[in-house]
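Worksheet for the structure shown next.
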Amino acid sequence: MKDISLIRLLPEKTNVQFFAVRKIAEALSILAIIGSIYLFMTKGLNYGIDFTGGTVIEIDTGSDPQPDVIRETLSRLGYGGGTVQNIAPPVDSGVDHDYVRVGIPLQEETAETGAMAQQEALAAVVAGLTESIGEFNIRNQDVVGSKVSGELRQKGIIAVLAALSLVLVYIWFRFEWQFGAGAVAALFHDVILTIGVFSLTQIEFNLSIIAAILTIVGYSLNDTVIVYDRIRENLRKYKSMPLPELLNLSVNDTLSRTIMTSMTTLLALVALYILGGEGLRGFSFAMIWGIAVGTYSSIFVASPLLMILKLKRGGKIETETSKEVKA
């Protein structure tokens, strides 16, 4: 019987000249980073209630929810920044329909409204939804104040920066400092581009996206370490090979594994994006984008940076033209 396993669909040895186009890739990465920073500074992010504050209610409509009708009602009432998310009931609850989580943005309090602004907004939303979808039961209600949302945003930033710092320390101890700097630069590249695409699309940015970014950091690092490990191995094996050729060989050696891992992960994420509902759409989109840019950065950012950082081999500084000739 003919072997049709997926791994055989890729050549056993590839010789893709990645470093022949590395100048183009560097230019694209620089432009993408500048564009992402510009979008963040001008458009900002569409922060969710986790970061802006507000009221979240979980309702049971008694039947299949109507999220589009609920969103239309929120917009009509002037709460366009509100969120609507289907929530599956507990397995043993006996309920055969989803609950709905509705987020009402934090309202600005004035001297006239005082501390009643949020309560008035909640009452207006409940009345509007009752008119649109009929009677419903409020199962749960949570209020996220401005102070709490500010702390969540601060802790989210600290979590990402701490992850990047620990990655630098880990790679530095495992390899040389050039590897550590290259890995962290690639991770910064991935994080900045992810923030840029969220600023461009204005998809809601909440705590689940922070979780996705941290996951992207781990995935991209894993892919980069695989490539770096092969580079270190080939540095010992091919002592007279110029560094650009050696780096290209190392990337090709790990290309099959990179493609297979990325494709199988993307299959699951695309299914999650299509079938996972509105609540998981932002997370799955962030992961899909992160897998793509993480794979790109492992090849076109992390590896070429080793030449820019003048990786040493055998006591000599490697350049694009230098060769270490055996005595």
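Chain labels follow the order of the structure tokens: the first chain is A, the next B, and so on; residue numbering restarts at 1 in every chain, and ligands are counted from 1 in their shown order.
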
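Once Gly35 (chain A) and its same-chain neighbours fewer than 5 positions away are set aside, Leu28, Ser29, Ile30, Phe40, Met41, Thr42, Lys43, Ile192, Leu193, Thr194, Ile195, Gly196, Val197, Ser199 and Leu200 of chain A remain within 12 Å of it when counting only C-alpha atoms.
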
Exercise for the section: Mind checking which residues fall within 12 Å of Ala186 (chain A), counting only C-alpha atoms, ignoring those fewer than 6 positions away in the same chain, and posting them as a VMD selection string? Expected result: chain A and resid 26 29 to 30 33 164 167 to 168 179 to 180 192 to 193 216 to 225 290 293 to 306

Those same residues - C-alpha atoms - I'd like them written as a PDB file, in the first residue's frame.
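The new file out-v9.pdb reads:
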ATOM      1  CA  GLU A  26      13.674  42.944   7.170  1.00  0.00           C
ATOM      2  CA  SER A  29       9.114  43.749   9.373  1.00  0.00           C
ATOM      3  CA  ILE A  30      10.357  47.278  10.045  1.00  0.00           C
ATOM      4  CA  ILE A  33       6.356  47.485  13.319  1.00  0.00           C
ATOM      5  CA  LEU A 164       9.588  38.447  27.584  1.00  0.00           C
ATOM      6  CA  VAL A 167      12.506  34.319  27.965  1.00  0.00           C
ATOM      7  CA  LEU A 168      15.631  36.466  27.580  1.00  0.00           C
ATOM      8  CA  PHE A 179      20.497  33.910  20.785  1.00  0.00           C
ATOM      9  CA  GLY A 180      18.690  35.431  23.764  1.00  0.00           C
ATOM     10  CA  ILE A 192       3.780  44.491  18.462  1.00  0.00           C
ATOM     11  CA  LEU A 193       2.304  43.160  15.207  1.00  0.00           C
ATOM     12  CA  ILE A 216       1.755  33.301  21.216  1.00  0.00           C
ATOM     13  CA  VAL A 217       4.933  34.148  23.133  1.00  0.00           C
ATOM     14  CA  GLY A 218       5.248  30.511  24.223  1.00  0.00           C
ATOM     15  CA  TYR A 219       4.508  29.107  20.763  1.00  0.00           C
ATOM     16  CA  SER A 220       6.871  31.468  18.951  1.00  0.00           C
ATOM     17  CA  LEU A 221       9.607  30.810  21.511  1.00  0.00           C
ATOM     18  CA  ASN A 222       9.221  27.051  21.085  1.00  0.00           C
ATOM     19  CA  ASP A 223       9.605  27.377  17.317  1.00  0.00           C
ATOM     20  CA  THR A 224      12.596  29.717  17.691  1.00  0.00           C
ATOM     21  CA  VAL A 225      14.344  27.409  20.171  1.00  0.00           C
ATOM     22  CA  GLY A 290       0.123  34.852  16.263  1.00  0.00           C
ATOM     23  CA  VAL A 293       3.692  35.893  12.543  1.00  0.00           C
ATOM     24  CA  GLY A 294       5.451  33.565  15.014  1.00  0.00           C
ATOM     25  CA  THR A 295       6.396  31.160  12.227  1.00  0.00           C
ATOM     26  CA  TYR A 296       7.510  34.086  10.059  1.00  0.00           C
ATOM     27  CA  SER A 297       9.625  35.633  12.825  1.00  0.00           C
ATOM     28  CA  SER A 298      11.377  32.344  13.636  1.00  0.00           C
ATOM     29  CA  ILE A 299      12.602  32.189  10.047  1.00  0.00           C
ATOM     30  CA  PHE A 300      13.051  35.808   8.963  1.00  0.00           C
ATOM     31  CA  VAL A 301      13.698  37.652  12.247  1.00  0.00           C
ATOM     32  CA  ALA A 302      15.259  35.434  14.906  1.00  0.00           C
ATOM     33  CA  SER A 303      17.805  33.711  12.630  1.00  0.00           C
ATOM     34  CA  PRO A 304      19.036  36.706  10.560  1.00  0.00           C
ATOM     35  CA  LEU A 305      19.516  38.722  13.753  1.00  0.00           C
ATOM     36  CA  LEU A 306      22.337  36.359  14.708  1.00  0.00           C
TER      37      LEU A 306
END

Exercise for the section: Any chance you could list, as a PyMOL selection string, the residues in region 4-229 of chain A that come up alpha helix (DSSP H) when DSSP is run on the backbone? Expected result: chain A and resi 22-42+49-52+67-76+117-133+146-174+177-201+207-229

Problem - Proximity to Pro244 (chain A) - best of A:Ala121, A:Val56, A:Val160, A:Met307, only C-alpha atoms - result: A:Met307

Exercise for the section: From the DSSP assignment of the backbone, select every residue of region 4-164 of chain A that is strand (DSSP E), and format the answer as a ChimeraX atom specification. Expected result: /A:46-47,54-60,83-87,99-105,137-144

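Coordinates place CA of Gly134 (chain A) at a distance of 12.5 Å from CA of Asp64 (chain A).
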
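Taking CA of Leu267 (chain A) as the reference point, CA of Val191 (chain A) is found at 21.9 Å.
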
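Candidate residues A:Ala268, A:Leu311, A:Ile70, A:Ile231 were compared for distance to Asn86 (chain A), and the nearest is A:Ile70, using only C-alpha atoms.
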
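CA of Arg139 (chain A) to CA of Val102 (chain A) spans 11.5 Å [interatomic distance, one decimal].
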
Problem - Contact residues around region 92-98 of chain A with only C-alpha atoms at 12 Å, ignoring same-chain residues under 6 positions, as a VMD selection string - result: chain A and resid 58 to 67 85 to 86 277

Practice task
Name all residues at most 10 Å from Arg281 (chain A) (count only C-alpha atoms; drop same-chain ones fewer than 6 positions away) and give them as number ranges by chain.
Solution key: A: 203-204, 269-270, 272-275, 287

Serialized selection, N, CA and C atoms, as a short mmCIF file (atom, residue, chain, number, x, y, z; two decimals), in the first residue's frame:
data_model
loop_
_atom_site.label_atom_id
_atom_site.label_comp_id
_atom_site.auth_asym_id
_atom_site.auth_seq_id
_atom_site.Cartn_x
_atom_site.Cartn_y
_atom_site.Cartn_z
N ILE A 203 -11.05 44.90 16.85
CA ILE A 203 -11.65 43.79 17.57
C ILE A 203 -11.46 44.03 19.06
N GLU A 204 -12.45 43.67 19.85
CA GLU A 204 -12.38 43.94 21.29
C GLU A 204 -11.14 43.32 21.91
N LEU A 269 -7.50 25.98 15.28
CA LEU A 269 -7.86 27.37 15.56
C LEU A 269 -8.90 27.90 14.58
N VAL A 270 -8.79 27.51 13.31
CA VAL A 270 -9.79 27.95 12.33
C VAL A 270 -11.16 27.38 12.68
N LEU A 272 -12.12 26.60 15.66
CA LEU A 272 -12.55 27.33 16.85
C LEU A 272 -13.07 28.71 16.47
N TYR A 273 -12.43 29.36 15.50
CA TYR A 273 -12.86 30.69 15.07
C TYR A 273 -14.24 30.64 14.41
N ILE A 274 -14.48 29.60 13.60
CA ILE A 274 -15.73 29.50 12.87
C ILE A 274 -16.87 29.00 13.76
N LEU A 275 -16.59 28.01 14.59
CA LEU A 275 -17.64 27.35 15.35
C LEU A 275 -17.67 27.73 16.83
N MET A 287 -4.83 34.06 18.11
CA MET A 287 -3.96 32.89 18.01
C MET A 287 -3.59 32.58 16.56
#

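Closest approach to Leu214 (chain A) among A:Ala163, A:Ile87, A:Met263, A:Ala117: A:Ala163, based on only C-alpha atoms.
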